[in-house]
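**Q** After the structure tokens below, expect a handful of questions from me.
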There are 2 protein chains.
Amino acid sequence: MLSTGLPQGAVPKLERPGPLRDRVYEALLELITTRALQPGQHLVESELAGHLGVSRQPVREALQRLNTEGWVDLRPAQGAFVHEPTEEEADQLLTVRTLLEAEAARLAASNADGAGVEALEEILAEGLKAVDADDVDAAVALNARFHAKIMELAGNAVLAELAAQVDRRVRWYYTPVARQRGGQSWVEHRELIAAVAAHDEQLATRLMREHTEHTRRSYHARAKS
Amino acid sequence: MLSTGLPQGAVPKLERPGPLRDRVYEALLELITTRALQPGQHLVESELAGHLGVSRQPVREALQRLNTEGWVDLRPAQGAFVHEPTEEEADQLLTVRTLLEAEAARLAASNADGAGVEALEEILAEGLKAVDADDVDAAVALNARFHAKIMELAGNAVLAELAAQVDRRVRWYYTPVARQRGGQSWVEHRELIAAVAAHDEQLATRLMREHTEHTRRSYHARAKS
DNA sequence: GCGCCGTAGACTGTAGACGAAAGACAATCA
DNA sequence: TGATTGTCTTTCGTCTACAGTCTACGGCGC
């Protein structure tokens, strides 16, 4: 028993800066996903280091990580280049995403309890509100939160980690068209929640699969235009 | 047209050492998977560096990569520790593996041509030969090659990469029991090849799912003993 | 004897510097 | 005029050095 008399949870853990490489990683990922760094662009270590006010070392380590996660290509003795997505790769990513999300939906339907369903419905409500208000940014963000919550309810950490990576990259390729589909998908979300609440694994799987397939179709429709 | 008169394909491309970090990565991964470095062990950078005859820097970068791929845990300001697999995590990994392999089987059934099926049958023949000869190591290696070939036939690079990572880790957790199941699985492989050759996607999916589920059951049977 | 505090050691995190390879450009020769 | 070669700049890969932080151990007070 601690005898300090301090409120247990209130201590803010003495906010530490945390490893520099992680912050560099976050910063670079942000720059990439927001298209501030364009696909194919050559990332010069010393430039980034100077720009971020750190040494080259943390930058290198961040680039390493970005490389293993597929955001940048690390050509030996030549440097880092922002990955250039191809049509084929985008399609393959969407296939994998469909797979992972569908499984997550199945597991969520299997595991979800009342509190989980409630949380989903809360996000749904906010999402619909955002759509009504034509707040596309909020709608997109809430969409991500919805899928993340499904993942959480699935209770499979490994699956969640893979899905998070795949999802983020899909979102990157997909941002140009993401805004179009902002509203539509929430109708599908509602059905999915019902299936999860009813513990209907098969239905949940099917709905999520169709849901992500819609996304794929939207993507291809744009790609051809 | 090159006028050197050198034989075109015969030049061995002047084998370059390649980035040091990659070789360190390979070396460490080998040490981990072979249990030379045991789970939970503290990996001291300077020790590894000295042992491998390189500086700390390449070691750090290799550890970074091993961290993102889940082989080691990198506790801030404390160093790298070989990841300790839990029962729960192993189970989750097996779930994901089942998912990925089943999808690969489906895609393989959809895409495979004569040459692909032939390659599978060749591996199968070698595998059965290894089993007959009680050569467990060869059987295990061929098993990996078989699954890798299925992945290749699936023609989805993203899927293949994820599956390779998951597979390798499953194999790591599973090595203690892998040897038991050396022979049994080849019977199942034969059926799978037939399904792929017949382009029967559903059957191929089902067979692969059952196949990997057998693996899971073996694992749990061992875990409880 | 028990617990707390201070100190020392070890290891990581970060920075800076040097050598080497790859690409670009210009000068030279056929 | 075209290709080739030499040089030069840029950038990466690696090494060494220093500062910050955590852990462990010994001494001190209660």
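Following the order of the structure tokens, first chain is A, next is B, and so on, with residues numbered from 1 inside each chain and ligands from 1 in the order they appear.
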Please return, as a list in words, all residues of chain D lying within 10 Å of chain B when only C-alpha atoms (C1' of nucleotides) are considered.
**A**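 Going by the stated atoms only, the list reads DG13, DT14, DC15, DT16, DG20, DT21, DC22 and DT23 of chain D.
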**Q** Would you put the residues from that selection into a file with N, CA, C and O atoms (P, O5', C5', C4', C3', O3' and C1' of nucleotides), as an mmCIF file, in the first residue's frame?
**A**
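And here is the file that came out, part18.cif:
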data_model
loop_
_atom_site.group_PDB
_atom_site.id
_atom_site.type_symbol
_atom_site.label_atom_id
_atom_site.label_comp_id
_atom_site.auth_asym_id
_atom_site.auth_seq_id
_atom_site.Cartn_x
_atom_site.Cartn_y
_atom_site.Cartn_z
ATOM 1 P P DG D 13 22.531 3.431 -46.608
ATOM 2 O "O5'" DG D 13 23.911 3.023 -45.921
ATOM 3 C "C5'" DG D 13 24.853 2.272 -46.672
ATOM 4 C "C4'" DG D 13 26.118 2.104 -45.852
ATOM 5 C "C3'" DG D 13 25.888 1.471 -44.469
ATOM 6 O "O3'" DG D 13 26.771 0.363 -44.312
ATOM 7 C "C1'" DG D 13 27.114 3.495 -44.268
ATOM 8 P P DT D 14 26.618 -0.547 -43.009
ATOM 9 O "O5'" DT D 14 27.726 0.037 -42.023
ATOM 10 C "C5'" DT D 14 29.082 0.116 -42.468
ATOM 11 C "C4'" DT D 14 29.897 0.974 -41.525
ATOM 12 C "C3'" DT D 14 29.824 0.556 -40.045
ATOM 13 O "O3'" DT D 14 31.046 -0.084 -39.700
ATOM 14 C "C1'" DT D 14 29.811 2.941 -40.351
ATOM 15 P P DC D 15 31.231 -0.657 -38.218
ATOM 16 O "O5'" DC D 15 31.980 0.552 -37.501
ATOM 17 C "C5'" DC D 15 33.128 1.125 -38.140
ATOM 18 C "C4'" DC D 15 33.584 2.357 -37.376
ATOM 19 C "C3'" DC D 15 33.715 2.145 -35.863
ATOM 20 O "O3'" DC D 15 35.043 2.416 -35.442
ATOM 21 C "C1'" DC D 15 32.490 4.137 -36.357
ATOM 22 P P DT D 16 35.436 2.096 -33.915
ATOM 23 O "O5'" DT D 16 35.333 3.507 -33.187
ATOM 24 C "C5'" DT D 16 36.034 4.628 -33.739
ATOM 25 C "C4'" DT D 16 35.703 5.899 -32.968
ATOM 26 C "C3'" DT D 16 35.782 5.768 -31.442
ATOM 27 O "O3'" DT D 16 36.565 6.842 -30.927
ATOM 28 C "C1'" DT D 16 33.705 6.699 -32.081
ATOM 29 P P DG D 20 23.338 15.539 -19.884
ATOM 30 O "O5'" DG D 20 22.268 14.360 -19.835
ATOM 31 C "C5'" DG D 20 21.385 14.181 -20.952
ATOM 32 C "C4'" DG D 20 20.555 12.921 -20.755
ATOM 33 C "C3'" DG D 20 19.904 12.807 -19.378
ATOM 34 O "O3'" DG D 20 18.558 12.361 -19.538
ATOM 35 C "C1'" DG D 20 21.258 10.899 -19.782
ATOM 36 P P DT D 21 17.607 12.266 -18.227
ATOM 37 O "O5'" DT D 21 17.531 10.691 -17.987
ATOM 38 C "C5'" DT D 21 17.348 9.845 -19.103
ATOM 39 C "C4'" DT D 21 17.357 8.387 -18.671
ATOM 40 C "C3'" DT D 21 16.720 8.135 -17.301
ATOM 41 O "O3'" DT D 21 15.889 6.989 -17.380
ATOM 42 C "C1'" DT D 21 18.900 7.242 -17.341
ATOM 43 P P DC D 22 14.732 6.755 -16.281
ATOM 44 O "O5'" DC D 22 15.000 5.248 -15.876
ATOM 45 C "C5'" DC D 22 15.179 4.281 -16.905
ATOM 46 C "C4'" DC D 22 16.100 3.175 -16.433
ATOM 47 C "C3'" DC D 22 15.682 2.549 -15.094
ATOM 48 O "O3'" DC D 22 15.426 1.168 -15.261
ATOM 49 C "C1'" DC D 22 18.015 3.073 -15.124
ATOM 50 P P DT D 23 14.858 0.320 -13.977
ATOM 51 O "O5'" DT D 23 16.166 -0.413 -13.434
ATOM 52 C "C5'" DT D 23 17.044 -1.059 -14.350
ATOM 53 C "C4'" DT D 23 18.223 -1.671 -13.613
ATOM 54 C "C3'" DT D 23 17.854 -2.378 -12.309
ATOM 55 O "O3'" DT D 23 18.494 -3.638 -12.256
ATOM 56 C "C1'" DT D 23 19.520 -0.726 -11.906
#
**Q** Can you pull out every residue within 10 Å of DA27 of chain C, counting only C-alpha atoms (C1' of nucleotides), but drop anything in the same chain fewer than 6 positions away, and send it as a ChimeraX atom specification?
**A** /D:5-7
**Q** Should the cut-off be 9 Å, what would the residue list for chain C against chain B look like, counting only C-alpha atoms (C1' of nucleotides), as a PDB file with N, CA and C atoms (P, O5', C5', C4', C3', O3' and C1' of nucleotides), in the first residue's frame?
**A**
ATOM      1  P    DC C  11      26.663  -3.566 -19.539  1.00  0.00           P
ATOM      2  O5'  DC C  11      25.500  -2.822 -20.306  1.00  0.00           O
ATOM      3  C5'  DC C  11      24.177  -2.841 -19.756  1.00  0.00           C
ATOM      4  C4'  DC C  11      23.387  -1.707 -20.362  1.00  0.00           C
ATOM      5  C3'  DC C  11      23.540  -1.598 -21.871  1.00  0.00           C
ATOM      6  O3'  DC C  11      22.296  -1.842 -22.519  1.00  0.00           O
ATOM      7  C1'  DC C  11      23.695   0.533 -20.805  1.00  0.00           C
ATOM      8  P    DT C  12      22.227  -1.770 -24.153  1.00  0.00           P
ATOM      9  O5'  DT C  12      21.333  -0.487 -24.415  1.00  0.00           O
ATOM     10  C5'  DT C  12      20.150  -0.283 -23.635  1.00  0.00           C
ATOM     11  C4'  DT C  12      19.816   1.201 -23.582  1.00  0.00           C
ATOM     12  C3'  DT C  12      19.467   1.812 -24.942  1.00  0.00           C
ATOM     13  O3'  DT C  12      18.229   2.502 -24.859  1.00  0.00           O
ATOM     14  C1'  DT C  12      21.118   3.105 -23.837  1.00  0.00           C
ATOM     15  P    DG C  13      17.532   3.088 -26.189  1.00  0.00           P
ATOM     16  O5'  DG C  13      18.028   4.597 -26.257  1.00  0.00           O
ATOM     17  C5'  DG C  13      17.475   5.535 -25.351  1.00  0.00           C
ATOM     18  C4'  DG C  13      17.992   6.924 -25.676  1.00  0.00           C
ATOM     19  C3'  DG C  13      17.795   7.358 -27.130  1.00  0.00           C
ATOM     20  O3'  DG C  13      17.303   8.692 -27.152  1.00  0.00           O
ATOM     21  C1'  DG C  13      20.088   7.495 -26.567  1.00  0.00           C
TER      22       DG C  13
END
**Q** Please check the contacts: residues of chain B at most 7 Å away from chain A, using only C-alpha atoms, listed as a list in words.
**A** Pro19, Glu61, Gln64, Arg65, Thr68, Pro76, Gln92, Leu93, Val96, Asn156, Val158 and Leu159 of chain B
**Q** Give the strand (DSSP E or B) residues of segment 65-224 of chain A, as assigned by DSSP on the backbone, as JSON, numbers by chain.
**A** {"A": [72, 73, 74, 75, 79, 80, 81, 82]}
**Q** Would you list the contacts of DC25 of chain D as a count of residues only, taking every protein, DNA or RNA residue within 12 Å and counting only C-alpha atoms (C1' of nucleotides), but skipping same-chain residues closer than 6 positions in sequence?
**A** 4
**Q** Find the residues near Ile32 of chain A: any atom within 10 Å, counting only C-alpha atoms (C1' of nucleotides), skip ones fewer than 4 places away on the same chain, and give them as a VMD selection string.
**A** chain A and resid 26 to 28 36 to 39 71 to 72 82 to 83 172
**Q** Can those selected residues be exported to a file as a CSV table (one decimal), in the first residue's frame so that it contains N, CA and C atoms?
**A**
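As written to disk, out.csv reads:
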chain,number,residue,atom,x,y,z
A,26,GLU,N,6.6,9.4,-36.1
A,26,GLU,CA,5.3,10.0,-36.2
A,26,GLU,C,5.2,11.1,-37.1
A,27,ALA,N,6.2,12.0,-37.0
A,27,ALA,CA,6.3,13.2,-37.8
A,27,ALA,C,6.4,12.8,-39.3
A,28,LEU,N,7.3,11.9,-39.6
A,28,LEU,CA,7.5,11.5,-41.0
A,28,LEU,C,6.2,10.9,-41.5
A,36,ALA,N,2.6,15.8,-47.9
A,36,ALA,CA,3.6,16.8,-47.8
A,36,ALA,C,4.9,16.3,-48.4
A,37,LEU,N,5.1,15.0,-48.2
A,37,LEU,CA,6.2,14.3,-48.9
A,37,LEU,C,5.5,13.4,-50.0
A,38,GLN,N,5.8,13.7,-51.2
A,38,GLN,CA,5.1,13.0,-52.3
A,38,GLN,C,5.7,11.6,-52.6
A,39,PRO,N,4.9,10.7,-53.1
A,39,PRO,CA,5.4,9.4,-53.5
A,39,PRO,C,6.6,9.5,-54.5
A,71,TRP,N,6.2,2.0,-46.0
A,71,TRP,CA,5.9,3.4,-46.4
A,71,TRP,C,7.0,4.0,-47.3
A,72,VAL,N,8.2,3.6,-47.0
A,72,VAL,CA,9.3,4.1,-47.8
A,72,VAL,C,10.1,2.9,-48.3
A,82,VAL,N,10.0,7.8,-50.8
A,82,VAL,CA,8.6,7.5,-50.4
A,82,VAL,C,8.0,6.5,-51.4
A,83,HIS,N,7.4,5.5,-50.8
A,83,HIS,CA,6.9,4.4,-51.6
A,83,HIS,C,5.9,4.9,-52.7
A,172,TRP,N,-4.3,5.8,-47.1
A,172,TRP,CA,-3.4,6.7,-47.8
A,172,TRP,C,-3.7,6.7,-49.3
**Q** Determine which residues of segment 8-186 of chain A DSSP labels as helix (DSSP H, G or I) from the backbone of this structure, then write them out as a PyMOL selection string.
**A** chain A and resi 20-33+45-52+56-68+87-111+114-132+136-154+157-178+185-186
**Q** Do you have the atom CA of Val187 of chain B-atom CA of Ala130 of chain B distance handy?
**A**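 It comes out at 13.3 Å.
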**Q** Any idea what's packed within 7 Å of Met151 of chain A, counting only C-alpha atoms (C1' of nucleotides), ignoring anything in its chain fewer than 4 positions away? Could you give it as a short mmCIF file (atom, residue, chain, number, x, y, z; two decimals) with C-alpha atoms, in the first residue's frame?
**A**
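The resulting file, part.cif, is shown below:
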data_model
loop_
_atom_site.label_atom_id
_atom_site.label_comp_id
_atom_site.auth_asym_id
_atom_site.auth_seq_id
_atom_site.Cartn_x
_atom_site.Cartn_y
_atom_site.Cartn_z
CA ALA A 104 -12.53 -9.00 -37.06
CA HIS A 147 -13.36 0.08 -37.49
CA GLY A 155 -9.89 -9.13 -29.01
CA ALA A 160 -5.44 -5.67 -34.82
#
**Q** If you measure from atom CA of Thr86 of chain B to atom CA of His220 of chain B, what distance in Å do you get, rounded to one decimal?
**A**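 Atom-to-atom, atom CA of Thr86 of chain B to atom CA of His220 of chain B, that is 12.4 Å.
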**Q** Atom CA of Ala163 of chain A and atom CA of Met208 of chain B, how far apart in Å?
**A**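 Going from atom CA of Met208 of chain B over to atom CA of Ala163 of chain A, I get 21.7 Å.
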**Q** Skipping near chain neighbours, those fewer than 3 positions away, what residues fall within 8 Å of Leu142 of chain A using only C-alpha atoms (C1' of nucleotides), listed as a PyMOL selection string?
**A** chain A and resi 123+126-127+138-139+145-146
**Q** Considering only C-alpha atoms (C1' of nucleotides), return as number ranges by chain whatever protein or nucleic-acid residues lie within 12 Å of DC28 of chain D, sequence-local ones (same chain, fewer than 5 positions apart) excluded.
**A** C: 3-6
